[in-house]
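Participant: Okay, so here is work-v7.cif, and as you'll see once you scroll down, it has mmCIF, C-alpha atoms.
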```cif
data_run
#
loop_
_atom_site.group_PDB
_atom_site.id
_atom_site.type_symbol
_atom_site.label_atom_id
_atom_site.label_comp_id
_atom_site.auth_asym_id
_atom_site.auth_seq_id
_atom_site.Cartn_x
_atom_site.Cartn_y
_atom_site.Cartn_z
ATOM 1 C CA MET A 1 -14.163 -4.794 -123.724
ATOM 2 C CA ALA A 2 -11.819 -2.078 -124.948
ATOM 3 C CA VAL A 3 -10.290 0.420 -122.545
ATOM 4 C CA THR A 4 -8.406 3.624 -123.174
ATOM 5 C CA GLU A 5 -4.745 3.608 -124.094
ATOM 6 C CA CYS A 6 -2.376 4.910 -121.439
ATOM 7 C CA PRO A 7 -1.890 8.579 -122.305
ATOM 8 C CA ALA A 8 1.318 10.497 -121.935
ATOM 9 C CA VAL A 9 1.178 12.719 -118.877
ATOM 10 C CA ARG A 10 3.266 15.804 -118.100
ATOM 11 C CA ASP A 11 5.547 15.418 -115.089
ATOM 12 C CA ASP A 12 3.876 18.403 -113.421
ATOM 13 C CA ALA A 13 0.303 17.293 -114.169
ATOM 14 C CA PRO A 14 -1.726 16.654 -111.011
ATOM 15 C CA PRO A 15 -3.245 13.205 -110.533
ATOM 16 C CA VAL A 16 -6.891 12.951 -111.489
ATOM 17 C CA LEU A 17 -7.591 10.073 -109.091
ATOM 18 C CA ARG A 18 -6.134 9.113 -105.721
ATOM 19 C CA LEU A 19 -6.240 5.450 -104.742
ATOM 20 C CA ARG A 20 -5.836 4.554 -101.080
ATOM 21 C CA LEU A 21 -5.265 0.929 -100.095
ATOM 22 C CA LEU A 22 -3.691 1.388 -96.651
ATOM 23 C CA GLY A 23 -6.357 1.368 -93.983
ATOM 24 C CA GLY A 24 -9.071 0.385 -96.457
ATOM 25 C CA PHE A 25 -10.042 0.933 -100.083
ATOM 26 C CA HIS A 26 -10.823 4.522 -101.021
ATOM 27 C CA LEU A 27 -10.857 6.173 -104.441
ATOM 28 C CA SER A 28 -11.273 9.924 -104.770
ATOM 29 C CA ARG A 29 -11.132 12.513 -107.514
ATOM 30 C CA GLY A 30 -8.960 15.574 -106.977
ATOM 31 C CA GLU A 31 -6.151 16.642 -104.678
ATOM 32 C CA GLY A 32 -5.897 16.231 -100.905
ATOM 33 C CA ASP A 33 -8.161 14.576 -98.371
ATOM 34 C CA GLY A 34 -11.117 16.674 -99.464
ATOM 35 C CA GLY A 35 -11.378 15.099 -102.897
ATOM 36 C CA GLU A 36 -14.679 13.794 -104.168
ATOM 37 C CA GLN A 37 -15.159 10.108 -103.340
ATOM 38 C CA VAL A 38 -15.729 7.811 -106.304
ATOM 39 C CA ASP A 39 -18.038 4.851 -105.744
ATOM 40 C CA VAL A 40 -16.586 1.592 -107.055
ATOM 41 C CA SER A 41 -18.205 -1.843 -107.208
ATOM 42 C CA ALA A 42 -16.661 -4.718 -105.249
ATOM 43 C CA SER A 43 -15.229 -6.282 -108.410
ATOM 44 C CA GLY A 44 -13.893 -2.914 -109.523
ATOM 45 C CA GLN A 45 -12.199 -2.407 -106.172
ATOM 46 C CA GLN A 46 -10.440 -5.749 -106.458
ATOM 47 C CA LEU A 47 -9.348 -5.002 -110.023
ATOM 48 C CA LEU A 48 -7.906 -1.597 -109.117
ATOM 49 C CA ALA A 49 -6.213 -2.976 -105.997
ATOM 50 C CA LEU A 50 -4.622 -5.865 -107.890
ATOM 51 C CA LEU A 51 -3.342 -3.586 -110.647
ATOM 52 C CA GLY A 52 -2.078 -1.117 -108.067
ATOM 53 C CA LEU A 53 -0.130 -3.785 -106.227
ATOM 54 C CA ARG A 54 1.163 -5.800 -109.169
ATOM 55 C CA GLY A 55 1.404 -3.262 -111.960
ATOM 56 C CA PRO A 56 0.543 -4.038 -115.599
ATOM 57 C CA THR A 57 -1.000 -7.514 -115.800
ATOM 58 C CA THR A 58 -2.439 -9.629 -118.591
ATOM 59 C CA ARG A 59 -6.192 -10.002 -118.788
ATOM 60 C CA SER A 60 -5.925 -13.767 -118.413
ATOM 61 C CA VAL A 61 -3.932 -13.488 -115.171
ATOM 62 C CA LEU A 62 -6.312 -10.858 -113.819
ATOM 63 C CA ALA A 63 -9.358 -12.983 -114.592
ATOM 64 C CA GLY A 64 -7.821 -16.121 -113.106
ATOM 65 C CA THR A 65 -6.644 -14.334 -109.961
ATOM 66 C CA LEU A 66 -9.865 -12.472 -109.228
ATOM 67 C CA TRP A 67 -12.298 -15.265 -110.161
ATOM 68 C CA PRO A 68 -10.393 -18.525 -109.590
ATOM 69 C CA GLU A 69 -13.518 -20.550 -108.762
ATOM 70 C CA VAL A 70 -15.199 -20.223 -112.195
ATOM 71 C CA THR A 71 -14.332 -21.275 -115.728
ATOM 72 C CA GLU A 72 -11.898 -19.204 -117.762
ATOM 73 C CA GLU A 73 -14.680 -18.018 -120.052
ATOM 74 C CA ARG A 74 -16.817 -16.910 -117.128
ATOM 75 C CA ALA A 75 -13.847 -15.245 -115.417
ATOM 76 C CA ARG A 76 -13.101 -13.206 -118.547
ATOM 77 C CA ALA A 77 -16.762 -12.167 -118.705
ATOM 78 C CA CYS A 78 -16.582 -11.028 -115.077
ATOM 79 C CA LEU A 79 -13.457 -9.013 -115.900
ATOM 80 C CA ARG A 80 -15.197 -7.276 -118.814
ATOM 81 C CA THR A 81 -18.107 -6.405 -116.541
ATOM 82 C CA ALA A 82 -15.771 -5.023 -113.871
ATOM 83 C CA ILE A 83 -14.036 -2.826 -116.462
ATOM 84 C CA TRP A 84 -17.373 -1.562 -117.765
ATOM 85 C CA ARG A 85 -18.473 -0.622 -114.262
ATOM 86 C CA LEU A 86 -15.268 1.348 -113.766
ATOM 87 C CA ASN A 87 -16.238 3.884 -116.416
ATOM 88 C CA ALA A 88 -17.494 6.162 -113.630
ATOM 89 C CA ALA A 89 -14.002 6.131 -112.115
ATOM 90 C CA GLY A 90 -12.699 8.349 -114.906
ATOM 91 C CA SER A 91 -10.720 5.810 -116.912
ATOM 92 C CA ALA A 92 -8.681 4.568 -113.955
ATOM 93 C CA VAL A 93 -7.691 1.528 -116.030
ATOM 94 C CA CYS A 94 -5.877 1.741 -119.345
ATOM 95 C CA ASP A 95 -4.498 -0.631 -121.968
ATOM 96 C CA PRO A 96 -0.737 -0.087 -122.393
ATOM 97 C CA ARG A 97 -0.445 -2.916 -124.907
ATOM 98 C CA PRO A 98 -2.722 -5.608 -126.338
ATOM 99 C CA GLY A 99 -4.031 -8.017 -123.737
ATOM 100 C CA VAL A 100 -2.554 -6.099 -120.791
ATOM 101 C CA LEU A 101 -4.262 -3.792 -118.304
ATOM 102 C CA ALA A 102 -2.713 -1.212 -115.999
ATOM 103 C CA LEU A 103 -3.678 1.699 -113.819
ATOM 104 C CA SER A 104 -3.766 5.001 -115.634
ATOM 105 C CA ARG A 105 -0.737 7.205 -115.102
ATOM 106 C CA ARG A 106 -3.067 9.819 -113.652
ATOM 107 C CA VAL A 107 -3.791 7.604 -110.630
ATOM 108 C CA ARG A 108 -1.743 8.355 -107.501
ATOM 109 C CA MET A 109 -1.487 5.586 -104.895
ATOM 110 C CA ASP A 110 -0.650 5.791 -101.212
ATOM 111 C CA ILE A 111 1.348 2.571 -101.643
ATOM 112 C CA GLU A 112 3.740 4.458 -103.918
ATOM 113 C CA ASP A 113 4.320 7.149 -101.298
ATOM 114 C CA PHE A 114 4.885 4.584 -98.555
ATOM 115 C CA THR A 115 7.313 2.387 -100.498
ATOM 116 C CA ALA A 116 9.268 5.445 -101.672
ATOM 117 C CA THR A 117 9.617 6.622 -98.061
ATOM 118 C CA ALA A 118 10.594 3.167 -96.792
ATOM 119 C CA HIS A 119 13.245 2.628 -99.473
ATOM 120 C CA HIS A 120 14.536 6.160 -98.901
ATOM 121 C CA ILE A 121 15.171 5.278 -95.248
ATOM 122 C CA LEU A 122 16.658 1.868 -96.056
ATOM 123 C CA ALA A 123 19.036 3.531 -98.523
ATOM 124 C CA ALA A 124 20.695 5.164 -95.480
ATOM 125 C CA SER A 125 19.609 8.665 -96.403
ATOM 126 C CA ALA A 126 19.674 11.124 -93.515
ATOM 127 C CA GLU A 127 17.364 13.609 -95.239
ATOM 128 C CA GLY A 128 13.704 13.970 -94.402
ATOM 129 C CA THR A 129 13.737 11.739 -91.320
ATOM 130 C CA GLY A 130 11.043 13.789 -89.607
ATOM 131 C CA ALA A 131 8.599 13.424 -92.483
ATOM 132 C CA ALA A 132 9.525 9.753 -92.826
ATOM 133 C CA CYS A 133 8.741 9.143 -89.174
ATOM 134 C CA ALA A 134 5.294 10.721 -89.516
ATOM 135 C CA SER A 135 4.571 8.730 -92.677
ATOM 136 C CA LEU A 136 5.597 5.361 -91.257
ATOM 137 C CA MET A 137 3.807 5.950 -87.968
ATOM 138 C CA GLY A 138 0.525 6.964 -89.553
ATOM 139 C CA MET A 139 -0.067 4.259 -92.138
ATOM 140 C CA GLY A 140 -2.734 1.593 -91.786
ATOM 141 C CA GLU A 141 -2.795 -2.075 -92.735
ATOM 142 C CA LEU A 142 -3.179 -3.005 -96.371
ATOM 143 C CA LEU A 143 -6.857 -3.598 -97.213
ATOM 144 C CA PRO A 144 -8.034 -4.796 -93.790
ATOM 145 C CA GLY A 145 -10.796 -7.371 -94.041
ATOM 146 C CA TRP A 146 -9.624 -8.657 -97.436
ATOM 147 C CA TYR A 147 -8.444 -12.277 -97.256
ATOM 148 C CA GLN A 148 -7.661 -13.215 -100.851
ATOM 149 C CA ASP A 149 -4.291 -14.956 -101.219
ATOM 150 C CA TRP A 150 -2.810 -12.158 -103.324
ATOM 151 C CA VAL A 151 -3.820 -9.565 -100.712
ATOM 152 C CA VAL A 152 -2.403 -11.611 -97.816
ATOM 153 C CA PHE A 153 0.923 -11.951 -99.654
ATOM 154 C CA GLU A 154 1.188 -8.224 -100.394
ATOM 155 C CA ARG A 155 0.070 -7.328 -96.870
ATOM 156 C CA GLU A 156 2.912 -9.389 -95.388
ATOM 157 C CA ARG A 157 5.420 -7.885 -97.837
ATOM 158 C CA LEU A 158 4.456 -4.334 -96.882
ATOM 159 C CA HIS A 159 4.313 -5.325 -93.209
ATOM 160 C CA GLN A 160 7.925 -6.494 -93.299
ATOM 161 C CA LEU A 161 9.034 -3.465 -95.306
ATOM 162 C CA ARG A 162 7.477 -1.147 -92.741
ATOM 163 C CA LEU A 163 9.132 -2.947 -89.825
ATOM 164 C CA HIS A 164 12.569 -2.816 -91.433
ATOM 165 C CA ALA A 165 12.087 0.856 -92.294
ATOM 166 C CA LEU A 166 11.004 1.739 -88.746
ATOM 167 C CA GLU A 167 14.021 -0.007 -87.254
ATOM 168 C CA ALA A 168 16.367 1.674 -89.735
ATOM 169 C CA LEU A 169 14.713 5.023 -89.048
ATOM 170 C CA SER A 170 15.162 4.575 -85.301
ATOM 171 C CA ALA A 171 18.857 3.808 -85.782
ATOM 172 C CA ARG A 172 19.253 6.864 -88.043
ATOM 173 C CA LEU A 173 17.598 9.129 -85.494
ATOM 174 C CA VAL A 174 19.821 7.763 -82.711
ATOM 175 C CA GLU A 175 22.859 8.729 -84.799
ATOM 176 C CA GLN A 176 21.408 12.238 -85.036
ATOM 177 C CA GLU A 177 20.770 12.238 -81.255
ATOM 178 C CA GLN A 178 17.045 12.676 -81.857
ATOM 179 C CA TYR A 179 16.117 10.234 -79.146
ATOM 180 C CA ALA A 180 12.421 10.979 -78.691
ATOM 181 C CA PRO A 181 11.400 10.253 -82.313
ATOM 182 C CA ALA A 182 13.895 7.371 -82.393
ATOM 183 C CA LEU A 183 12.127 5.768 -79.437
ATOM 184 C CA GLU A 184 8.748 6.468 -81.009
ATOM 185 C CA ALA A 185 9.741 4.665 -84.212
ATOM 186 C CA ALA A 186 11.186 1.720 -82.285
ATOM 187 C CA LEU A 187 8.119 1.390 -80.065
ATOM 188 C CA GLU A 188 5.836 1.515 -83.088
ATOM 189 C CA SER A 189 7.657 -1.486 -84.525
ATOM 190 C CA THR A 190 7.150 -3.377 -81.254
ATOM 191 C CA ARG A 191 3.461 -2.472 -81.315
ATOM 192 C CA ILE A 192 3.148 -3.936 -84.799
ATOM 193 C CA ASP A 193 5.039 -7.118 -83.877
ATOM 194 C CA PRO A 194 5.555 -7.580 -80.114
ATOM 195 C CA LEU A 195 7.630 -10.760 -80.575
ATOM 196 C CA ARG A 196 10.098 -9.258 -83.049
ATOM 197 C CA GLU A 197 13.492 -9.193 -81.322
ATOM 198 C CA SER A 198 15.132 -6.710 -83.702
ATOM 199 C CA ALA A 199 12.394 -4.212 -82.835
ATOM 200 C CA ARG A 200 12.990 -4.773 -79.128
ATOM 201 C CA ARG A 201 16.716 -4.274 -79.621
ATOM 202 C CA ALA A 202 15.958 -0.962 -81.335
ATOM 203 C CA VAL A 203 14.098 0.197 -78.222
ATOM 204 C CA VAL A 204 16.943 -0.848 -75.939
ATOM 205 C CA THR A 205 19.451 0.866 -78.226
ATOM 206 C CA VAL A 206 17.661 4.172 -77.739
ATOM 207 C CA HIS A 207 17.562 3.726 -73.962
ATOM 208 C CA LEU A 208 21.263 2.901 -73.867
ATOM 209 C CA ALA A 209 22.109 5.910 -76.043
ATOM 210 C CA GLU A 210 20.380 8.093 -73.448
ATOM 211 C CA ASN A 211 22.076 6.211 -70.591
ATOM 212 C CA ASN A 212 18.702 5.074 -69.321
ATOM 213 C CA LEU A 213 20.097 1.748 -68.146
ATOM 214 C CA ALA A 214 17.159 0.896 -65.911
ATOM 215 C CA GLU A 215 14.726 1.405 -68.815
ATOM 216 C CA ALA A 216 16.889 -0.753 -71.068
ATOM 217 C CA VAL A 217 17.004 -3.611 -68.562
ATOM 218 C CA ARG A 218 13.297 -3.295 -67.776
ATOM 219 C CA HIS A 219 12.397 -3.538 -71.459
ATOM 220 C CA PHE A 220 14.682 -6.527 -71.961
ATOM 221 C CA LYS A 221 13.165 -8.374 -68.994
ATOM 222 C CA ALA A 222 9.627 -7.665 -70.176
ATOM 223 C CA PHE A 223 10.471 -9.053 -73.613
ATOM 224 C CA ARG A 224 12.165 -12.113 -72.124
ATOM 225 C CA GLY A 225 9.060 -12.826 -70.052
ATOM 226 C CA LEU A 226 6.833 -12.445 -73.124
ATOM 227 C CA LEU A 227 8.998 -14.832 -75.152
ATOM 228 C CA ARG A 228 8.956 -17.432 -72.398
ATOM 229 C CA THR A 229 5.175 -17.200 -72.058
ATOM 230 C CA GLU A 230 4.286 -17.154 -75.741
ATOM 231 C CA LEU A 231 6.978 -19.331 -77.331
ATOM 232 C CA GLY A 232 8.924 -20.977 -74.525
ATOM 233 C CA ILE A 233 12.235 -19.591 -75.808
ATOM 234 C CA GLU A 234 14.887 -17.111 -74.676
ATOM 235 C CA PRO A 235 16.145 -13.910 -76.318
ATOM 236 C CA SER A 236 19.250 -14.273 -78.445
ATOM 237 C CA GLU A 237 22.724 -14.082 -76.997
ATOM 238 C CA GLN A 238 23.211 -10.879 -79.012
ATOM 239 C CA PHE A 239 20.375 -9.191 -77.127
ATOM 240 C CA LEU A 240 21.555 -10.501 -73.758
ATOM 241 C CA THR A 241 25.065 -9.203 -74.476
ATOM 242 C CA MET A 242 23.701 -5.698 -75.188
ATOM 243 C CA VAL A 243 22.167 -5.513 -71.724
ATOM 244 C CA ARG A 244 25.032 -7.287 -69.968
ATOM 245 C CA HIS A 245 27.571 -4.806 -71.351
ATOM 246 C CA ALA A 246 25.391 -1.930 -70.154
ATOM 247 C CA LEU A 247 25.597 -3.204 -66.583
ATOM 248 C CA THR A 248 29.335 -3.823 -66.486
#
```
I'd like the structure from this file rewritten - as C-alpha cells, please.
Facilitator:
Amino acid sequence: MAVTECPAVRDDAPPVLRLRLLGGFHLSRGEGDGGEQVDVSASGQQLLALLGLRGPTTRSVLAGTLWPEVTEERARACLRTAIWRLNAAGSAVCDPRPGVLALSRRVRMDIEDFTATAHHILAASAEGTGAACASLMGMGELLPGWYQDWVVFERERLHQLRLHALEALSARLVEQEQYAPALEAALESTRIDPLRESARRAVVTVHLAENNLAEAVRHFKAFRGLLRTELGIEPSEQFLTMVRHALT
C-alpha cells in the first residue's frame, strides 16, 4: 500500500501530531496536553512506536519485527493493513524513499524531548538545569506492559540514559550549590535502581557537600545492608573511602 511522501516542513511549523511513548502509548492532534486524542489500532500503535524508536526502516524489517511468527507474505499483508488503518491518524507515516517507512516530520515525540535533555546534561552544559531536573523526574517508563524484544531493548537503553543523566545532573547542581534539587535528582536515581552504587554515591556526595556527615554515613550503611541482603556483596572500596574520609 502506498503512503504519502515525507513533505518538507518549515522550521517554525507546529507539529500536527504528538506521539507519547513514555508512560504509555498516546497519540493526539494539536498542541499541548489538551490535544484531541487519536484512536489507533494495536498494530498501528506498534508500527508508530517502532518507527519512533528506530527511525526510517525498510518494510521488510518492519514486517519481520512486528509479525515474526508468520510467513513473510502474511507479515507484509499485516503491515499493509496496519498502514491502511493509520489513515485516521493524519498521515503519521510517510515514505521517504522506495521500500522505507518513517514517521512524518510533523509528528513530535516525547522521546525526542527526553533524549535531547539527557544529552544536554551529559554534555556538561550548565544551562537549563532546573528544567532538566523537572523533565527527568517526571518521565514514565517506555511503553509499560509491552514485552516485545525490541521494546525491552529500547526500554533498557532509555533507562540507562536516564540514570546517567540524573547522576550527571545531581553532580552539576552540587557544583552550583543547589543542594535540594541535587539531592532530589540523586534520590530519584536510587528509586529507579536501588542497587545502583553510582546513584547511591551521588546521594552521599550531596550530603557531604552540605556537611551532613551523619546523613551520608546513614545512607551508606543502609545501602551496604541492602547489598548484603540482596546480593551478598559489599560496596566498592571507592564508596567506602568516600565515607571514611568524611569521618577522619
Participant: Could you tell me how far CA of Gly64 (chain A) lies from CA of Gly99 (chain A), in Å and to one decimal?
Facilitator: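 Here the two named atoms are 13.9 Å from each other.
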Participant: To one decimal in Å, tell me the separation between CA of Pro56 (chain A) and CA of Leu103 (chain A).
Facilitator: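 These atoms are spaced 7.3 Å apart.
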Participant: Quick one: distance from CA of Glu184 (chain A) to CA of Ala124 (chain A) in Å, one decimal?
Facilitator: 18.8 Å
Participant: Under the rule of at most 12 Å, produce a per-residue listing of region 71-146 of chain A near region 190-206 of chain A: chain, number, name, the closest pair of atoms, and the distance in Å, as a Markdown table, using all atoms listed in the file.
Facilitator:
```
| residue | atom | partner | partner_atom | distance |
| --- | --- | --- | --- | --- |
| A:Leu136 | CA | A:Ile192 | CA | 11.6 |
| A:Met137 | CA | A:Ile192 | CA | 10.4 |
| A:Met139 | CA | A:Ile192 | CA | 11.5 |
| A:Gly140 | CA | A:Ile192 | CA | 10.7 |
| A:Glu141 | CA | A:Ile192 | CA | 10.1 |
```
Participant: Please identify all polymer residues lying at most 12 Å from the point (10.5, -10.1, -71.7) (file coordinates), using only C-alpha atoms, and present the result as a PyMOL selection string.
Facilitator: chain A and resi 194-197+200-201+216-236+239-240
Participant: Give me the residues within 12 Å of Ala77 (chain A) as a list in words, counting all atoms listed in the file and dropping any in the same chain fewer than 6 places off.
Facilitator: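 Result of the neighbour search: Met1, Ser43, Arg59, Ser60, Leu62, Ala63, Gly64, Leu66, Trp67, Val70, Thr71, Ile83 and Trp84 of chain A.
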Participant: Applying the PyMOL selection byres ((chain A and resi 113-119) around 10) to the file I just gave you, which residues come out? Please list them as a ChimeraX atom specification.
Facilitator: /A:22,108-112,120-125,128-129,131-133,135-136,139,158,161-166,168-169
Participant: On this file, the PyMOL selection byres ((chain A and resi 155) around 12) gives some set of residues; write that set as a PyMOL selection string.
Facilitator: chain A and resi 21-24+49+53+111+140-154+156-162
Participant: To test your reading of the syntax: which residues would the PyMOL selection byres ((chain A and resi 102) around 9) return for the file shown? Reply as a list of chain:residue names.
Facilitator: A:Cys6, A:Leu48, A:Leu51, A:Gly52, A:Gly55, A:Pro56, A:Thr57, A:Thr58, A:Ala92, A:Val93, A:Cys94, A:Asp95, A:Pro96, A:Val100, A:Leu101, A:Leu103, A:Ser104, A:Arg105
Participant: Could I see region 103-129 of chain A restored to N, CA and C atoms, set down as a PDB file, in the frame of the given file?
Facilitator:
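Resulting contents of selection-v4.pdb:
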```pdb
ATOM      1  N   LEU A 103      -3.085   0.465-114.302  1.00  0.00           N
ATOM      2  CA  LEU A 103      -3.678   1.699-113.819  1.00  0.00           C
ATOM      3  C   LEU A 103      -3.239   2.848-114.709  1.00  0.00           C
ATOM      4  N   SER A 104      -4.121   3.796-114.893  1.00  0.00           N
ATOM      5  CA  SER A 104      -3.766   5.001-115.634  1.00  0.00           C
ATOM      6  C   SER A 104      -2.640   5.733-114.927  1.00  0.00           C
ATOM      7  N   ARG A 105      -1.833   6.432-115.691  1.00  0.00           N
ATOM      8  CA  ARG A 105      -0.737   7.205-115.102  1.00  0.00           C
ATOM      9  C   ARG A 105      -1.243   8.392-114.299  1.00  0.00           C
ATOM     10  N   ARG A 106      -2.506   8.704-114.410  1.00  0.00           N
ATOM     11  CA  ARG A 106      -3.067   9.819-113.652  1.00  0.00           C
ATOM     12  C   ARG A 106      -3.592   9.378-112.286  1.00  0.00           C
ATOM     13  N   VAL A 107      -3.393   8.110-111.944  1.00  0.00           N
ATOM     14  CA  VAL A 107      -3.791   7.604-110.630  1.00  0.00           C
ATOM     15  C   VAL A 107      -2.596   7.680-109.686  1.00  0.00           C
ATOM     16  N   ARG A 108      -2.794   8.281-108.513  1.00  0.00           N
ATOM     17  CA  ARG A 108      -1.743   8.355-107.501  1.00  0.00           C
ATOM     18  C   ARG A 108      -2.128   7.436-106.350  1.00  0.00           C
ATOM     19  N   MET A 109      -1.196   6.567-105.941  1.00  0.00           N
ATOM     20  CA  MET A 109      -1.487   5.586-104.895  1.00  0.00           C
ATOM     21  C   MET A 109      -0.707   5.883-103.623  1.00  0.00           C
ATOM     22  N   ASP A 110      -1.351   5.639-102.483  1.00  0.00           N
ATOM     23  CA  ASP A 110      -0.650   5.791-101.212  1.00  0.00           C
ATOM     24  C   ASP A 110       0.460   4.756-101.063  1.00  0.00           C
ATOM     25  N   ILE A 111       0.298   3.605-101.690  1.00  0.00           N
ATOM     26  CA  ILE A 111       1.348   2.571-101.643  1.00  0.00           C
ATOM     27  C   ILE A 111       2.649   3.109-102.226  1.00  0.00           C
ATOM     28  N   GLU A 112       2.542   3.892-103.293  1.00  0.00           N
ATOM     29  CA  GLU A 112       3.740   4.458-103.918  1.00  0.00           C
ATOM     30  C   GLU A 112       4.464   5.389-102.954  1.00  0.00           C
ATOM     31  N   ASP A 113       3.703   6.226-102.254  1.00  0.00           N
ATOM     32  CA  ASP A 113       4.320   7.149-101.298  1.00  0.00           C
ATOM     33  C   ASP A 113       4.997   6.381-100.162  1.00  0.00           C
ATOM     34  N   PHE A 114       4.317   5.355 -99.663  1.00  0.00           N
ATOM     35  CA  PHE A 114       4.885   4.584 -98.555  1.00  0.00           C
ATOM     36  C   PHE A 114       6.166   3.866 -98.966  1.00  0.00           C
ATOM     37  N   THR A 115       6.125   3.145-100.086  1.00  0.00           N
ATOM     38  CA  THR A 115       7.313   2.387-100.498  1.00  0.00           C
ATOM     39  C   THR A 115       8.486   3.314-100.813  1.00  0.00           C
ATOM     40  N   ALA A 116       8.194   4.488-101.394  1.00  0.00           N
ATOM     41  CA  ALA A 116       9.268   5.445-101.672  1.00  0.00           C
ATOM     42  C   ALA A 116       9.910   5.905-100.371  1.00  0.00           C
ATOM     43  N   THR A 117       9.090   6.195 -99.357  1.00  0.00           N
ATOM     44  CA  THR A 117       9.617   6.622 -98.061  1.00  0.00           C
ATOM     45  C   THR A 117      10.436   5.512 -97.407  1.00  0.00           C
ATOM     46  N   ALA A 118       9.901   4.287 -97.425  1.00  0.00           N
ATOM     47  CA  ALA A 118      10.594   3.167 -96.792  1.00  0.00           C
ATOM     48  C   ALA A 118      11.945   2.910 -97.449  1.00  0.00           C
ATOM     49  N   HIS A 119      11.980   2.893 -98.781  1.00  0.00           N
ATOM     50  CA  HIS A 119      13.245   2.628 -99.473  1.00  0.00           C
ATOM     51  C   HIS A 119      14.220   3.796 -99.297  1.00  0.00           C
ATOM     52  N   HIS A 120      13.682   4.998 -99.158  1.00  0.00           N
ATOM     53  CA  HIS A 120      14.536   6.160 -98.901  1.00  0.00           C
ATOM     54  C   HIS A 120      15.272   5.983 -97.576  1.00  0.00           C
ATOM     55  N   ILE A 121      14.559   5.519 -96.563  1.00  0.00           N
ATOM     56  CA  ILE A 121      15.171   5.278 -95.248  1.00  0.00           C
ATOM     57  C   ILE A 121      16.164   4.123 -95.324  1.00  0.00           C
ATOM     58  N   LEU A 122      15.783   3.039 -95.983  1.00  0.00           N
ATOM     59  CA  LEU A 122      16.658   1.868 -96.056  1.00  0.00           C
ATOM     60  C   LEU A 122      17.911   2.128 -96.885  1.00  0.00           C
ATOM     61  N   ALA A 123      17.859   3.177 -97.727  1.00  0.00           N
ATOM     62  CA  ALA A 123      19.036   3.531 -98.523  1.00  0.00           C
ATOM     63  C   ALA A 123      20.031   4.352 -97.713  1.00  0.00           C
ATOM     64  N   ALA A 124      19.785   4.472 -96.407  1.00  0.00           N
ATOM     65  CA  ALA A 124      20.695   5.164 -95.480  1.00  0.00           C
ATOM     66  C   ALA A 124      20.751   6.658 -95.734  1.00  0.00           C
ATOM     67  N   SER A 125      19.657   7.217 -96.219  1.00  0.00           N
ATOM     68  CA  SER A 125      19.609   8.665 -96.403  1.00  0.00           C
ATOM     69  C   SER A 125      19.237   9.335 -95.091  1.00  0.00           C
ATOM     70  N   ALA A 126      19.943  10.402 -94.760  1.00  0.00           N
ATOM     71  CA  ALA A 126      19.674  11.124 -93.515  1.00  0.00           C
ATOM     72  C   ALA A 126      18.690  12.267 -93.719  1.00  0.00           C
ATOM     73  N   GLU A 127      18.253  12.492 -94.947  1.00  0.00           N
ATOM     74  CA  GLU A 127      17.364  13.609 -95.239  1.00  0.00           C
ATOM     75  C   GLU A 127      15.905  13.212 -95.007  1.00  0.00           C
ATOM     76  N   GLY A 128      15.137  14.159 -94.529  1.00  0.00           N
ATOM     77  CA  GLY A 128      13.704  13.970 -94.402  1.00  0.00           C
ATOM     78  C   GLY A 128      13.285  12.953 -93.370  1.00  0.00           C
ATOM     79  N   THR A 129      14.076  12.765 -92.305  1.00  0.00           N
ATOM     80  CA  THR A 129      13.737  11.739 -91.320  1.00  0.00           C
ATOM     81  C   THR A 129      12.478  12.098 -90.545  1.00  0.00           C
TER      82      THR A 129
END
```
